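Raw contents of query.csv, CSV, C-alpha atoms:
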chain,number,residue,atom,x,y,z
U,221,MET,CA,0.0,0.0,0.0
U,222,GLU,CA,1.3,3.4,-0.9
U,223,LYS,CA,2.4,5.5,2.0
U,224,LYS,CA,0.4,8.6,3.0
U,225,ARG,CA,1.9,11.8,1.5
U,226,ILE,CA,3.2,14.2,4.0
U,227,TYR,CA,3.5,17.7,2.5
U,228,LEU,CA,5.9,20.5,3.1
U,229,SER,CA,3.1,23.1,3.3
U,230,SER,CA,-0.2,22.6,1.5
U,231,PRO,CA,-3.5,24.5,1.6
U,232,THR,CA,-5.8,23.9,4.5
U,233,MET,CA,-9.5,24.7,3.8
U,234,HIS,CA,-12.1,25.1,6.4
U,235,GLY,CA,-15.5,25.6,4.6
U,236,LYS,CA,-15.9,29.3,5.2
U,237,GLU,CA,-14.1,29.9,2.0
U,238,GLN,CA,-16.9,28.1,0.0
U,239,GLU,CA,-19.5,30.5,1.5
U,240,PHE,CA,-17.8,33.5,0.0
U,241,VAL,CA,-17.1,31.8,-3.3
U,242,LYS,CA,-20.7,30.7,-3.5
U,243,GLU,CA,-21.8,34.2,-2.9
U,244,ALA,CA,-19.6,35.3,-5.8
U,245,PHE,CA,-21.2,32.7,-8.1
U,246,ASP,CA,-24.7,33.4,-6.9
U,247,THR,CA,-24.3,37.1,-7.6
U,248,ASN,CA,-22.4,36.5,-10.9
U,249,TRP,CA,-19.3,38.4,-9.5
U,250,VAL,CA,-16.8,36.0,-11.0
U,251,ALA,CA,-14.8,38.5,-13.0
U,252,PRO,CA,-11.9,40.5,-11.5
U,253,LEU,CA,-12.9,42.9,-8.7
U,254,GLY,CA,-16.2,42.8,-6.8
U,255,PRO,CA,-17.4,42.8,-3.2
U,256,ASN,CA,-15.0,40.1,-2.0
U,257,VAL,CA,-12.0,42.0,-3.3
U,258,ASP,CA,-13.1,45.2,-1.5
U,259,ALA,CA,-13.8,43.3,1.7
U,260,LEU,CA,-10.5,41.4,1.7
U,261,GLU,CA,-8.6,44.6,1.3
U,262,LYS,CA,-10.4,46.1,4.3
U,263,GLU,CA,-10.0,43.0,6.3
U,264,MET,CA,-6.3,42.9,5.6
U,265,GLU,CA,-5.9,46.6,6.5
U,266,ALA,CA,-7.7,45.9,9.8
U,267,PHE,CA,-5.7,42.8,10.6
U,268,THR,CA,-2.2,44.1,9.8
U,269,GLY,CA,-2.7,47.8,10.6
U,270,ALA,CA,-1.1,48.5,7.2
U,271,GLY,CA,-3.1,51.5,6.4
U,272,HIS,CA,-4.2,50.8,2.8
U,273,ALA,CA,-4.2,47.6,0.7
U,274,ALA,CA,-4.6,46.6,-2.9
U,275,ALA,CA,-5.5,42.9,-3.7
U,276,LEU,CA,-3.5,41.7,-6.7
U,277,SER,CA,-2.9,38.6,-8.8
U,278,ALA,CA,0.4,37.6,-7.0
U,279,GLY,CA,3.0,38.8,-4.5
U,280,THR,CA,5.3,39.3,-7.5
U,281,ALA,CA,2.9,41.7,-9.0
U,282,ALA,CA,2.9,43.6,-5.7
U,283,ILE,CA,6.7,44.0,-5.8
U,284,HIS,CA,6.6,45.1,-9.4
U,285,LEU,CA,4.0,47.8,-8.7
U,286,ALA,CA,6.0,49.0,-5.6
U,287,LEU,CA,9.1,49.4,-7.8
U,288,ARG,CA,7.1,51.2,-10.5
U,289,LEU,CA,5.5,53.5,-7.9
U,290,LEU,CA,8.9,54.4,-6.5
U,291,GLY,CA,10.1,55.4,-10.0
U,292,VAL,CA,12.6,52.5,-10.4
U,293,LYS,CA,13.8,52.6,-14.0
U,294,GLU,CA,16.5,51.3,-16.3
U,295,GLY,CA,20.0,51.5,-14.7
U,296,ASP,CA,18.8,52.2,-11.2
U,297,VAL,CA,20.4,50.1,-8.4
U,298,VAL,CA,18.1,48.2,-6.0
U,299,PHE,CA,19.5,46.4,-2.9
U,300,VAL,CA,17.8,43.1,-2.3
U,301,SER,CA,18.2,40.1,0.0
U,302,SER,CA,20.1,37.2,-1.7
U,303,LEU,CA,18.7,34.4,0.4
U,304,THR,CA,15.2,34.3,-1.0
U,305,PHE,CA,13.1,33.0,-3.9
U,306,CYS,CA,13.6,34.6,-7.3
U,307,ALA,CA,10.2,36.3,-7.3
U,308,THR,CA,11.7,38.9,-4.9
U,309,CYS,CA,14.2,40.0,-7.5
U,310,ASN,CA,12.6,39.3,-10.9
U,311,PRO,CA,10.5,42.6,-10.9
U,312,ILE,CA,13.7,44.6,-10.5
U,313,VAL,CA,14.8,43.1,-13.8
U,314,TYR,CA,11.4,43.7,-15.4
U,315,GLU,CA,12.2,47.4,-15.0
U,316,LYS,CA,15.8,46.9,-16.4
U,317,ALA,CA,17.2,48.0,-13.0
U,318,ALA,CA,20.3,46.5,-11.5
U,319,PRO,CA,19.9,44.1,-8.4
U,320,VAL,CA,22.7,44.3,-5.9
U,321,PHE,CA,22.4,41.3,-3.6
U,322,ILE,CA,22.9,41.6,0.2
U,323,ASP,CA,24.1,38.8,2.3
U,324,SER,CA,22.3,37.3,5.4
U,325,GLU,CA,23.3,37.5,9.0
U,326,ARG,CA,23.2,34.4,11.2
U,327,ASP,CA,20.9,35.6,13.9
U,328,THR,CA,17.8,35.6,11.8
U,329,TRP,CA,19.0,34.5,8.3
U,330,ASN,CA,17.7,37.8,7.0
U,331,MET,CA,19.4,40.8,5.4
U,332,CYS,CA,22.6,41.7,7.3
U,333,PRO,CA,22.7,45.3,8.5
U,334,ARG,CA,26.5,45.4,8.3
U,335,ALA,CA,26.4,44.1,4.7
U,336,LEU,CA,23.8,46.7,3.8
U,337,GLU,CA,26.0,49.5,5.2
U,338,ARG,CA,28.9,48.1,3.1
U,339,ALA,CA,26.7,48.1,0.0
U,340,TYR,CA,26.0,51.9,0.5
U,341,GLU,CA,29.8,52.4,0.6
U,342,LYS,CA,30.0,51.0,-2.9
U,343,TYR,CA,26.6,52.3,-4.2
U,344,PRO,CA,25.6,55.5,-2.3
U,345,HIS,CA,22.3,56.1,-4.1
U,346,PRO,CA,20.2,53.0,-4.5
U,347,LYS,CA,16.6,53.6,-5.6
U,348,ALA,CA,15.1,51.1,-3.1
U,349,VAL,CA,15.9,48.3,-0.7
U,350,ILE,CA,13.9,45.1,-0.8
U,351,LEU,CA,14.1,43.2,2.5
U,352,VAL,CA,12.7,39.7,2.9
U,353,HIS,CA,11.4,38.2,6.2
U,354,LEU,CA,12.7,34.7,5.5
U,355,TYR,CA,10.6,31.6,6.4
U,356,GLY,CA,8.3,33.9,8.5
U,357,THR,CA,11.1,35.2,10.8
U,358,PRO,CA,11.1,39.1,11.2
U,359,ALA,CA,14.3,40.8,10.1
U,360,ARG,CA,16.3,43.2,12.3
U,361,LEU,CA,13.9,46.0,11.3
U,362,ASP,CA,15.1,48.7,13.6
U,363,GLU,CA,18.7,48.6,12.2
U,364,ILE,CA,17.6,48.2,8.6
U,365,MET,CA,15.1,51.0,8.9
U,366,ASN,CA,17.6,53.3,10.5
U,367,ILE,CA,20.1,52.7,7.7
U,368,CYS,CA,17.5,53.3,5.0
U,369,ARG,CA,16.4,56.5,6.7
U,370,GLU,CA,20.0,57.7,7.0
U,371,HIS,CA,20.4,57.4,3.3
U,372,GLY,CA,16.9,58.5,2.3
U,373,THR,CA,16.1,55.1,0.6
U,374,PRO,CA,12.6,53.7,0.5
U,375,LEU,CA,12.1,50.2,2.0
U,376,ILE,CA,10.0,47.5,0.4
U,377,GLU,CA,9.2,44.6,2.8
U,378,ASP,CA,8.8,41.3,1.1
U,379,ALA,CA,6.5,39.7,3.8
U,380,ALA,CA,5.3,37.0,1.4
U,381,GLU,CA,6.3,34.3,3.9
U,382,SER,CA,5.7,36.3,7.1
U,383,LEU,CA,2.0,37.2,7.1
U,384,GLY,CA,1.0,37.2,10.8
U,385,SER,CA,4.5,37.6,12.1
U,386,THR,CA,5.2,40.7,14.2
U,387,TYR,CA,8.3,42.7,15.2
U,388,ARG,CA,7.9,44.4,18.6
U,389,GLY,CA,4.2,44.0,18.3
U,390,ARG,CA,3.8,45.4,14.8
U,391,HIS,CA,3.0,43.3,11.8
U,392,THR,CA,5.8,42.7,9.2
U,393,GLY,CA,5.0,44.4,6.0
U,394,THR,CA,3.9,47.6,7.7
U,395,PHE,CA,7.3,49.3,8.4
U,396,GLY,CA,8.4,50.3,4.9
U,397,SER,CA,7.1,52.5,2.2
U,398,PHE,CA,5.4,49.3,0.8
U,399,GLY,CA,4.8,45.8,2.1
U,400,ILE,CA,3.8,42.8,0.1
U,401,TYR,CA,2.1,39.6,1.0
U,402,SER,CA,1.6,36.4,-0.9
U,403,PHE,CA,-1.4,34.0,-0.9
U,404,ASN,CA,0.2,31.3,-3.0
U,405,GLY,CA,-0.9,27.8,-2.3
U,406,ASN,CA,1.9,27.0,0.0
U,407,LYS,CA,1.7,30.1,2.2
U,408,ILE,CA,0.2,30.3,5.7
U,409,ILE,CA,-3.1,31.3,4.1
U,410,THR,CA,-4.0,31.1,0.4
U,411,THR,CA,-6.3,32.4,-2.2
U,412,SER,CA,-5.0,29.6,-4.5
U,413,GLY,CA,-2.9,32.4,-6.1
U,414,GLY,CA,-2.8,36.1,-5.3
U,415,GLY,CA,-1.0,38.8,-3.3
U,416,MET,CA,-1.5,42.1,-1.6
U,417,LEU,CA,0.3,45.4,-1.7
U,418,VAL,CA,0.1,47.6,1.4
U,419,SER,CA,1.2,51.1,2.2
U,420,PRO,CA,0.6,53.8,4.8
U,421,GLU,CA,0.0,56.2,1.9
U,422,GLU,CA,-3.5,56.1,0.5
U,423,GLU,CA,-2.5,57.8,-2.7
U,424,GLN,CA,0.1,55.2,-3.5
U,425,ILE,CA,-2.4,52.4,-3.2
U,426,ARG,CA,-4.9,54.4,-5.4
U,427,ARG,CA,-2.2,54.6,-8.0
U,428,ALA,CA,-1.4,50.9,-7.6
U,429,ARG,CA,-5.0,50.0,-8.3
U,430,PHE,CA,-5.0,52.2,-11.4
U,431,LEU,CA,-1.8,50.6,-12.7
U,432,ALA,CA,-3.1,47.1,-11.9
U,433,THR,CA,-6.2,47.6,-14.0
U,434,GLN,CA,-4.4,48.4,-17.2
U,435,ALA,CA,-4.0,52.1,-16.3
U,436,ARG,CA,-7.3,53.0,-17.9
U,437,ASP,CA,-7.9,56.8,-17.8
U,438,PRO,CA,-11.3,58.1,-16.5
U,439,ALA,CA,-13.0,58.4,-19.8
U,440,ARG,CA,-16.1,56.9,-21.4
U,441,HIS,CA,-14.0,55.3,-24.1
U,442,TYR,CA,-10.9,53.2,-23.5
U,443,GLN,CA,-8.0,55.6,-23.1
U,444,HIS,CA,-4.5,55.0,-21.7
U,445,SER,CA,-1.9,57.6,-21.0
U,446,GLN,CA,0.6,55.2,-19.5
U,447,ILE,CA,1.4,51.5,-19.5
U,448,GLY,CA,-0.6,49.4,-17.1
U,449,PHE,CA,-0.8,45.8,-16.0
U,450,ASN,CA,-3.5,43.1,-15.6
U,451,TYR,CA,-2.7,42.6,-11.9
U,452,ARG,CA,-6.0,42.8,-10.0
U,453,MET,CA,-7.3,39.9,-8.0
U,454,SER,CA,-10.6,38.1,-9.0
U,455,ASN,CA,-13.7,38.2,-6.8
U,456,VAL,CA,-13.7,34.4,-6.6
U,457,THR,CA,-10.1,34.0,-5.3
U,458,ALA,CA,-10.7,37.0,-2.9
U,459,GLY,CA,-13.6,35.0,-1.5
U,460,ILE,CA,-11.2,32.1,-0.7
U,461,GLY,CA,-8.9,34.6,1.0
U,462,ARG,CA,-11.6,36.1,3.2
U,463,GLY,CA,-12.4,32.6,4.5
U,464,GLN,CA,-8.8,31.8,5.0
U,465,LEU,CA,-8.0,35.0,6.9
U,466,MET,CA,-10.5,34.0,9.6
U,467,PHE,CA,-8.1,31.1,10.4
U,468,LEU,CA,-4.8,32.8,10.1
U,469,GLU,CA,-4.1,32.9,13.9
U,470,GLU,CA,-5.0,29.2,14.2
U,471,HIS,CA,-2.6,28.4,11.3
U,472,LYS,CA,0.1,30.4,13.0
U,473,ARG,CA,-0.4,28.6,16.3
U,474,LEU,CA,-0.1,25.2,14.5
U,475,LYS,CA,3.0,26.3,12.6
U,476,LYS,CA,4.6,27.4,15.8
U,477,GLU,CA,3.7,24.1,17.5
U,478,ILE,CA,5.4,22.2,14.6
U,479,TYR,CA,8.6,24.3,15.1
U,480,ARG,CA,8.5,23.7,18.9
U,481,THR,CA,8.0,19.9,18.3
U,482,TYR,CA,11.0,19.7,16.0
U,483,SER,CA,13.2,21.9,18.3
U,484,GLU,CA,12.5,19.8,21.4
U,485,ALA,CA,12.9,16.5,19.5
U,486,PHE,CA,16.3,17.5,18.0
U,487,GLU,CA,17.8,19.0,21.2
U,488,GLU,CA,19.6,15.8,21.9
U,489,ILE,CA,21.4,15.8,18.5
U,490,PRO,CA,24.2,18.4,18.7
U,491,GLU,CA,24.8,18.3,15.0
U,492,ILE,CA,21.3,19.8,14.3
U,493,THR,CA,20.4,23.5,14.8
U,494,MET,CA,16.9,24.8,14.0
U,495,ASN,CA,16.5,28.1,12.1
U,496,PRO,CA,16.9,31.0,14.4
U,497,LEU,CA,14.0,33.2,15.5
U,498,ASN,CA,14.3,36.9,16.2
U,499,PRO,CA,13.8,37.5,19.9
U,500,GLU,CA,12.4,41.0,19.1
U,501,GLY,CA,9.6,39.4,17.1
U,502,ASP,CA,6.9,36.8,16.9
U,503,ALA,CA,7.5,34.5,13.9
U,504,ASN,CA,4.7,32.7,12.1
U,505,CYS,CA,7.1,29.8,11.6
U,506,TRP,CA,5.9,29.3,8.1
U,507,LEU,CA,8.5,26.6,7.4
U,508,SER,CA,10.6,24.9,10.1
U,509,CYS,CA,14.2,24.6,8.9
U,510,MET,CA,17.5,23.1,10.2
U,511,THR,CA,21.2,23.4,9.5
U,512,LEU,CA,23.7,20.6,10.1
U,513,GLU,CA,27.0,21.1,11.9
U,514,GLU,CA,30.0,21.7,9.6
U,515,GLY,CA,31.6,18.3,8.7
U,516,CYS,CA,28.5,16.3,9.8
U,517,ARG,CA,28.5,12.9,8.2
U,518,VAL,CA,24.7,13.3,7.7
U,519,THR,CA,24.1,15.7,4.8
U,520,PRO,CA,20.9,17.6,3.9
U,521,ASP,CA,20.6,15.4,0.8
U,522,ARG,CA,20.6,12.3,2.9
U,523,ILE,CA,17.9,13.6,5.2
U,524,MET,CA,15.7,14.7,2.2
U,525,ASP,CA,16.3,11.3,0.5
U,526,ALA,CA,15.3,9.5,3.7
U,527,LEU,CA,12.1,11.6,4.1
U,528,GLU,CA,11.2,11.0,0.5
U,529,LYS,CA,11.3,7.3,1.0
U,530,GLU,CA,8.7,7.8,3.6
U,531,ASN,CA,6.7,9.9,1.1
U,532,ALA,CA,7.4,13.1,3.2
U,533,GLU,CA,8.1,16.3,1.3
U,534,SER,CA,11.1,18.5,2.2
U,535,ARG,CA,13.2,20.9,0.2
U,536,PRO,CA,16.6,22.6,0.2
U,537,ILE,CA,17.0,26.1,1.7
U,538,TRP,CA,16.5,28.8,-1.0
U,539,LYS,CA,19.6,28.9,-3.3
U,540,PRO,CA,21.0,32.4,-2.9
U,541,LEU,CA,20.2,34.6,-5.8
U,542,HIS,CA,23.8,35.6,-6.3
U,543,LEU,CA,24.5,32.0,-7.2
U,544,GLN,CA,21.7,31.7,-9.7
U,545,PRO,CA,23.0,31.6,-13.3
U,546,VAL,CA,20.5,34.2,-14.5
U,547,PHE,CA,22.0,36.7,-12.0
U,548,ALA,CA,25.6,35.8,-12.5
U,549,GLU,CA,26.6,39.3,-13.6
U,550,CYS,CA,25.0,41.0,-10.6
U,551,ASP,CA,27.0,42.3,-7.6
U,552,PHE,CA,26.9,40.7,-4.2
U,553,VAL,CA,27.9,42.3,-0.9
U,554,THR,CA,28.8,40.6,2.4
U,555,ALA,CA,29.6,41.9,5.8
U,556,GLU,CA,33.2,40.8,6.1
U,557,GLY,CA,34.2,39.2,2.8
U,558,GLY,CA,35.9,35.7,3.0
U,559,PRO,CA,35.7,32.5,1.0
U,560,GLU,CA,32.0,31.8,1.7
U,561,SER,CA,29.1,34.0,2.5
U,562,VAL,CA,26.6,33.4,5.3
U,563,SER,CA,23.8,32.8,2.8
U,564,GLU,CA,25.9,30.2,0.9
U,565,ASP,CA,26.7,28.5,4.2
U,566,ILE,CA,23.1,28.3,5.2
U,567,PHE,CA,22.1,27.0,1.8
U,568,ARG,CA,24.9,24.3,1.8
U,569,ARG,CA,24.1,23.0,5.3
U,570,GLY,CA,20.3,23.5,5.6
U,571,LEU,CA,17.0,22.1,4.6
U,572,CYS,CA,13.3,22.8,5.1
U,573,LEU,CA,11.3,20.1,7.1
U,574,PRO,CA,7.7,19.1,6.4
U,575,SER,CA,5.7,21.9,8.0
U,576,ASP,CA,2.1,21.2,7.0
U,577,ILE,CA,-0.4,22.2,9.7
U,578,LYS,CA,-2.4,19.0,8.9
U,579,ASN,CA,0.5,16.9,10.1
U,580,THR,CA,-0.8,14.5,12.7
U,581,GLU,CA,1.2,13.4,15.8
U,582,GLU,CA,2.0,10.2,14.0
U,583,ASP,CA,3.3,12.1,11.0
U,584,MET,CA,5.6,14.2,13.2
U,585,GLU,CA,6.8,11.0,14.9
U,586,LEU,CA,7.6,9.5,11.5
U,587,ILE,CA,9.5,12.6,10.3
U,588,ILE,CA,11.5,13.0,13.5
U,589,GLY,CA,12.2,9.2,13.8
U,590,THR,CA,13.4,9.2,10.2
U,591,VAL,CA,15.8,12.0,10.8
U,592,LYS,CA,17.1,10.7,14.1
U,593,SER,CA,17.7,7.2,12.6
U,594,LEU,CA,20.4,8.8,10.4
U,595,PHE,CA,22.4,9.9,13.5
U,596,GLU,CA,22.4,6.5,15.2

The structure given in the file should be rewritten as structure tokens.
Amino acid sequence: MEKKRIYLSSPTMHGKEQEFVKEAFDTNWVAPLGPNVDALEKEMEAFTGAGHAAALSAGTAAIHLALRLLGVKEGDVVFVSSLTFCATCNPIVYEKAAPVFIDSERDTWNMCPRALERAYEKYPHPKAVILVHLYGTPARLDEIMNICREHGTPLIEDAAESLGSTYRGRHTGTFGSFGIYSFNGNKIITTSGGGMLVSPEEEQIRRARFLATQARDPARHYQHSQIGFNYRMSNVTAGIGRGQLMFLEEHKRLKKEIYRTYSEAFEEIPEITMNPLNPEGDANCWLSCMTLEEGCRVTPDRIMDALEKENAESRPIWKPLHLQPVFAECDFVTAEGGPESVSEDIFRRGLCLPSDIKNTEEDMELIIGTVKSLFE
């Protein structure tokens, strides 16, 4: 008999989502925009305290619009975290700007403030900084924000993985000029696909909505004075998001319990270290990750192979963007220099463990037992 599939992080539906979707069908609001879109924006504003929000087709679209609204253009420099998914950086290239990748620091795995300062020594006038809250752990926002303010650079927070996480009691995504969230299928809540752009400035979100609906001018006929995009969220997917948002705190609680279970289980194995959490924040623990001691006979690949034999899904840590072939010509800045960067080291020694909130006690025992058996 085929073994049960244990997922890395799959959608968890509760039934409330169907009520909003049914309402969309019953009222024939199945095209982009509609009451669910309006309501989801308001509910996200209320939940995060972000100020103003625009529901979009993807988190990538949100980053792209943020860059466009900040006036990023061809040849501009944009500082961006290296240890992240390519969607964080791709919109920089859409605008023909130049990404400069910033290394991580070990305490949170997020953008290193010292590396950011060194980047300014080399590139004094970047157009923007894109900071990622990796795997749901808040970055060192006070230090990053201070550096950005000192140089007059707007900050974009990529909170795609950190919806529900807070830093000193305030939601990630609400500190910068713009914040972005993702509702992709593997995130802590999902709309099946979608994202959100937030800003404290109402006018910026009004402009984002305009650009996201093909930049259609206010005329009876179809008139366009600038290039726009087809980036708005549909009323159907927004209905899923409204139902999911009701359970975000429950999902966060379950994710944190998964992290706690792994942490306690692997305490007795000195070669294993769980991904660090920022003591100044409250992480949503979207994915539970580990690194292995340098020179450990058990490698990340061995663990992932062993889990796959049990039909349990895991994955490597994000491969740093400065190592990606498509970005081979881009600059990369570390805090101290040296033969290997922090982000490379985390990638080489780390992996993401199955972090699905539907994991049963038996599932967790199987995962933990499989990992422990490799150290016996």

(request) Between atom CA of U:Ile566 and atom CA of U:His391, measure the distance and give it in Å to one decimal. (result)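 Between atom CA of U:Ile566 and atom CA of U:His391 the gap works out to 25.9 Å.
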
(message) Counting only C-alpha atoms, which residue out of U:Tyr227, U:Phe595, U:Phe547, U:Tyr355 sits closest to U:Thr328?
(response)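 Residue with the minimum atom-to-atom distance to U:Thr328: U:Tyr355.
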
Mind dumping a table of every stretch 235-337 of chain U residue within 8 Å of stretch 486-506 of chain U, with the nearest atom pair and its distance in Å to one decimal, using all atoms listed in the file, sorted by chain and rising number, as a Markdown table?
| residue | atom | partner | partner_atom | distance |
| --- | --- | --- | --- | --- |
| U:Arg326 | CA | U:Pro496 | CA | 7.8 |
| U:Asp327 | CA | U:Pro496 | CA | 6.1 |
| U:Thr328 | CA | U:Pro496 | CA | 5.4 |
| U:Trp329 | CA | U:Pro496 | CA | 7.3 |

(request) Determine the nearest neighbour of U:Val418 from the options U:Glu549, U:Glu533, U:Glu261, U:Glu370, counting only C-alpha atoms. (result)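 Once distances to U:Val418 are computed over only C-alpha atoms, the minimum belongs to U:Glu261.
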
(request) To one decimal in Å, tell me the separation between atom CA of U:Ala275 and atom CA of U:Pro540. (result) 28.5 Å

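Nearest residue to U:Gly279 among U:Arg334, U:Gly389, U:Met453, U:Ser445 is U:Met453, counting all atoms listed in the file.
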